[in-house]
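Colleague: Can you read through this structure? Questions will come right after.
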Amino acid sequence: MLNLFTESAGVVAVSASIGGRSSKVKKGYLIPLTLLDIELKGKDNAKVWHVNDCCVYRVNNALMLNPIKMLVSQFLAEMVWRAFRFGGGDRIIFDYIEESIIEFDELENGISEWYLGFLVKMMHYIGIMPDISDYSDGFVIDISEGKAVRYCFGEKLDIDTTRCLVKILRNETFRLNEKERSKMVDFVVKYYQVHMEGFGDVKSLEILRSLAK
């Protein structure tokens, strides 16, 4: 069983034989964030689709050869799947993810800043983007309310990391040290969990933490 993010139907479950001589799906296609040109067959309301034809339409060389990018790819693929597995995907979101994968493949520096920026900006397409319209320096992000406030008595993002988040949302250049990166990853995952029912625990998160150390 495979989970694919498609142009027209969002996340779909696909049944396919893998690796055989006659198989349409080769083992190399299973690398996270692989871009496929795939033809599926099944009824419109099918819970599981079947592969009619499949090929890679862009080879992501750097993702396959760079072990750090491979680890990040696993994390991003799981985050995208959890965000859209219950529906909500459309052509606009597909284009954003596709263009981002190509950008990530070509990226040479700033991997941590890039993938965090990708996940924060993806909140916009889901409709859960934090509101920073009232932000001033010294404010924090109230996680449950999803907005910048001066005082918060619940779960919040600290002042320094909030500054980094604001820079991401304003498309400003930013750099993170190890501690800031760890806090930002925790915030992003927590924010998705709070604002998306059934998002669940991210299994690849601990793998990503090993990268940050």
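Chain labels A, B, ... are given in the sequence in which chains occur in the structure tokens; within each chain residues are numbered consecutively from 1, and ligands are likewise numbered from 1 in the order shown.
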DSSP on the backbone, strand (DSSP E or B) only: what residues of chain A does that give? Format it as number ranges by chain.

Modeller: A: 2-6, 10-15, 18, 25, 35-41, 48-58, 131, 140-142, 147-149, 156-157

Colleague: Residues within 9 Å of Phe5 (chain A), please, as an NGL selection string. Count only C-alpha atoms; anything in the same chain fewer than 5 positions from it doesn't count.

Modeller: :A and (10-12 or 80-81 or 84-85 or 89 or 94)

Colleague: Neighbouring residues of region 100-109 of chain A were defined as those with any atom within 8 Å, considering only C-alpha atoms; residues of the same chain fewer than 3 positions away were excluded. Please report them as number ranges by chain.

Modeller: A: 33, 60-63, 96-97, 114, 118

Colleague: Could you give me, as JSON, numbers by chain, the residues within 8 Å of Trp49 (chain A), counting only C-alpha atoms and dropping anything in the same chain fewer than 2 positions from it?

Modeller: {"A": [12, 13, 14, 15, 40, 41, 42, 46, 47, 51]}

Colleague: Restrict the selected residues to N, CA, C and O atoms and save them as a short mmCIF file (atom, residue, chain, number, x, y, z; two decimals), in the first residue's frame.

Modeller:
data_model
loop_
_atom_site.label_atom_id
_atom_site.label_comp_id
_atom_site.auth_asym_id
_atom_site.auth_seq_id
_atom_site.Cartn_x
_atom_site.Cartn_y
_atom_site.Cartn_z
N VAL A 12 -4.28 9.94 -1.61
CA VAL A 12 -5.03 8.73 -1.94
C VAL A 12 -4.20 7.51 -1.56
O VAL A 12 -2.96 7.56 -1.57
N ALA A 13 -4.89 6.43 -1.21
CA ALA A 13 -4.23 5.16 -0.93
C ALA A 13 -4.19 4.36 -2.22
O ALA A 13 -5.19 4.28 -2.95
N VAL A 14 -3.04 3.77 -2.50
CA VAL A 14 -2.83 3.06 -3.77
C VAL A 14 -2.30 1.66 -3.49
O VAL A 14 -1.38 1.48 -2.69
N SER A 15 -2.89 0.68 -4.16
CA SER A 15 -2.42 -0.69 -4.06
C SER A 15 -1.56 -0.98 -5.29
O SER A 15 -1.98 -0.73 -6.42
N LEU A 40 -3.99 6.24 -12.40
CA LEU A 40 -4.68 5.36 -11.46
C LEU A 40 -6.00 4.90 -12.05
O LEU A 40 -6.62 5.59 -12.85
N LYS A 41 -6.43 3.75 -11.60
CA LYS A 41 -7.75 3.26 -12.02
C LYS A 41 -8.55 2.89 -10.78
O LYS A 41 -8.02 2.41 -9.78
N GLY A 42 -9.85 3.13 -10.88
CA GLY A 42 -10.75 2.87 -9.77
C GLY A 42 -11.96 3.78 -9.86
O GLY A 42 -11.94 4.78 -10.59
N ALA A 46 -13.69 5.29 -4.69
CA ALA A 46 -12.85 4.18 -4.23
C ALA A 46 -11.98 4.59 -3.05
O ALA A 46 -11.45 5.70 -3.02
N LYS A 47 -11.87 3.70 -2.08
CA LYS A 47 -10.99 3.96 -0.94
C LYS A 47 -9.55 3.61 -1.27
O LYS A 47 -8.62 4.16 -0.69
N VAL A 51 -2.68 1.10 -9.64
CA VAL A 51 -1.79 1.75 -10.61
C VAL A 51 -1.98 1.14 -11.98
O VAL A 51 -1.84 -0.07 -12.17
#

Colleague: Residues within 10 Å of region 192-196 of chain A, please, as a VMD selection string. Count only C-alpha atoms; anything in the same chain fewer than 2 positions from it doesn't count.

Modeller: chain A and resid 79 82 to 84 119 to 120 123 126 to 129 143 to 146 187 to 190 198 to 202

Colleague: With only C-alpha atoms as the counted atoms, please give the residues lying no more than 9 Å from Val149 (chain A), apart from itself and same-chain residues fewer than 2 positions off, as an MDAnalysis selection string.

Modeller: chainID A and resid 132 134:136 138:142 147 151:152

Colleague: Those residues with C-alpha atoms, as a PDB file, in the first residue's frame please?

Modeller:
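Result went into part_18.pdb, see below:
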ATOM      1  CA  ILE A 132       0.651  38.140  13.374  1.00  0.00           C
ATOM      2  CA  ASP A 134      -0.952  42.685  15.875  1.00  0.00           C
ATOM      3  CA  TYR A 135       2.628  41.538  16.393  1.00  0.00           C
ATOM      4  CA  SER A 136       5.135  43.812  18.102  1.00  0.00           C
ATOM      5  CA  GLY A 138       8.273  41.065  22.654  1.00  0.00           C
ATOM      6  CA  PHE A 139       4.995  39.339  21.704  1.00  0.00           C
ATOM      7  CA  VAL A 140       4.630  35.547  21.733  1.00  0.00           C
ATOM      8  CA  ILE A 141       2.478  33.137  19.749  1.00  0.00           C
ATOM      9  CA  ASP A 142      -0.467  31.728  21.675  1.00  0.00           C
ATOM     10  CA  LYS A 147      -2.091  34.518  17.107  1.00  0.00           C
ATOM     11  CA  TYR A 151       0.628  37.836  27.361  1.00  0.00           C
ATOM     12  CA  CYS A 152      -0.269  34.157  27.198  1.00  0.00           C
TER      13      CYS A 152
END

Colleague: Which residues are near Glu39 (chain A)? Cut-off 10 Å, only C-alpha atoms, ignore same chain within fewer than 4 positions. Put them as a CSV table (one decimal) with N, CA and C atoms, in the first residue's frame.

Modeller:
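In the end it all went to around.csv:
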chain,number,residue,atom,x,y,z
A,49,TRP,N,-7.0,2.9,-4.7
A,49,TRP,CA,-6.8,2.9,-6.2
A,49,TRP,C,-5.8,1.9,-6.6
A,50,HIS,N,-5.7,1.7,-7.9
A,50,HIS,CA,-4.7,0.8,-8.4
A,50,HIS,C,-3.9,1.5,-9.5
A,51,VAL,N,-2.7,1.1,-9.6
A,51,VAL,CA,-1.8,1.8,-10.6
A,51,VAL,C,-2.0,1.1,-12.0
A,52,ASN,N,-2.3,2.0,-12.9
A,52,ASN,CA,-2.4,1.6,-14.3
A,52,ASN,C,-1.1,1.8,-15.1
A,53,ASP,N,-0.4,2.9,-14.8
A,53,ASP,CA,0.9,3.2,-15.4
A,53,ASP,C,1.6,4.2,-14.5
A,54,CYS,N,2.9,4.2,-14.5
A,54,CYS,CA,3.7,5.0,-13.5
A,54,CYS,C,5.1,5.2,-14.0
A,55,CYS,N,5.6,6.5,-13.9
A,55,CYS,CA,7.0,6.8,-14.2
A,55,CYS,C,7.4,8.0,-13.5

Colleague: In Å, with one decimal, what is the gap from CA of Glu99 (chain A) to CA of Ser73 (chain A)?

Modeller: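 Calculated distance between CA of Glu99 (chain A) and CA of Ser73 (chain A) is 14.4 Å.
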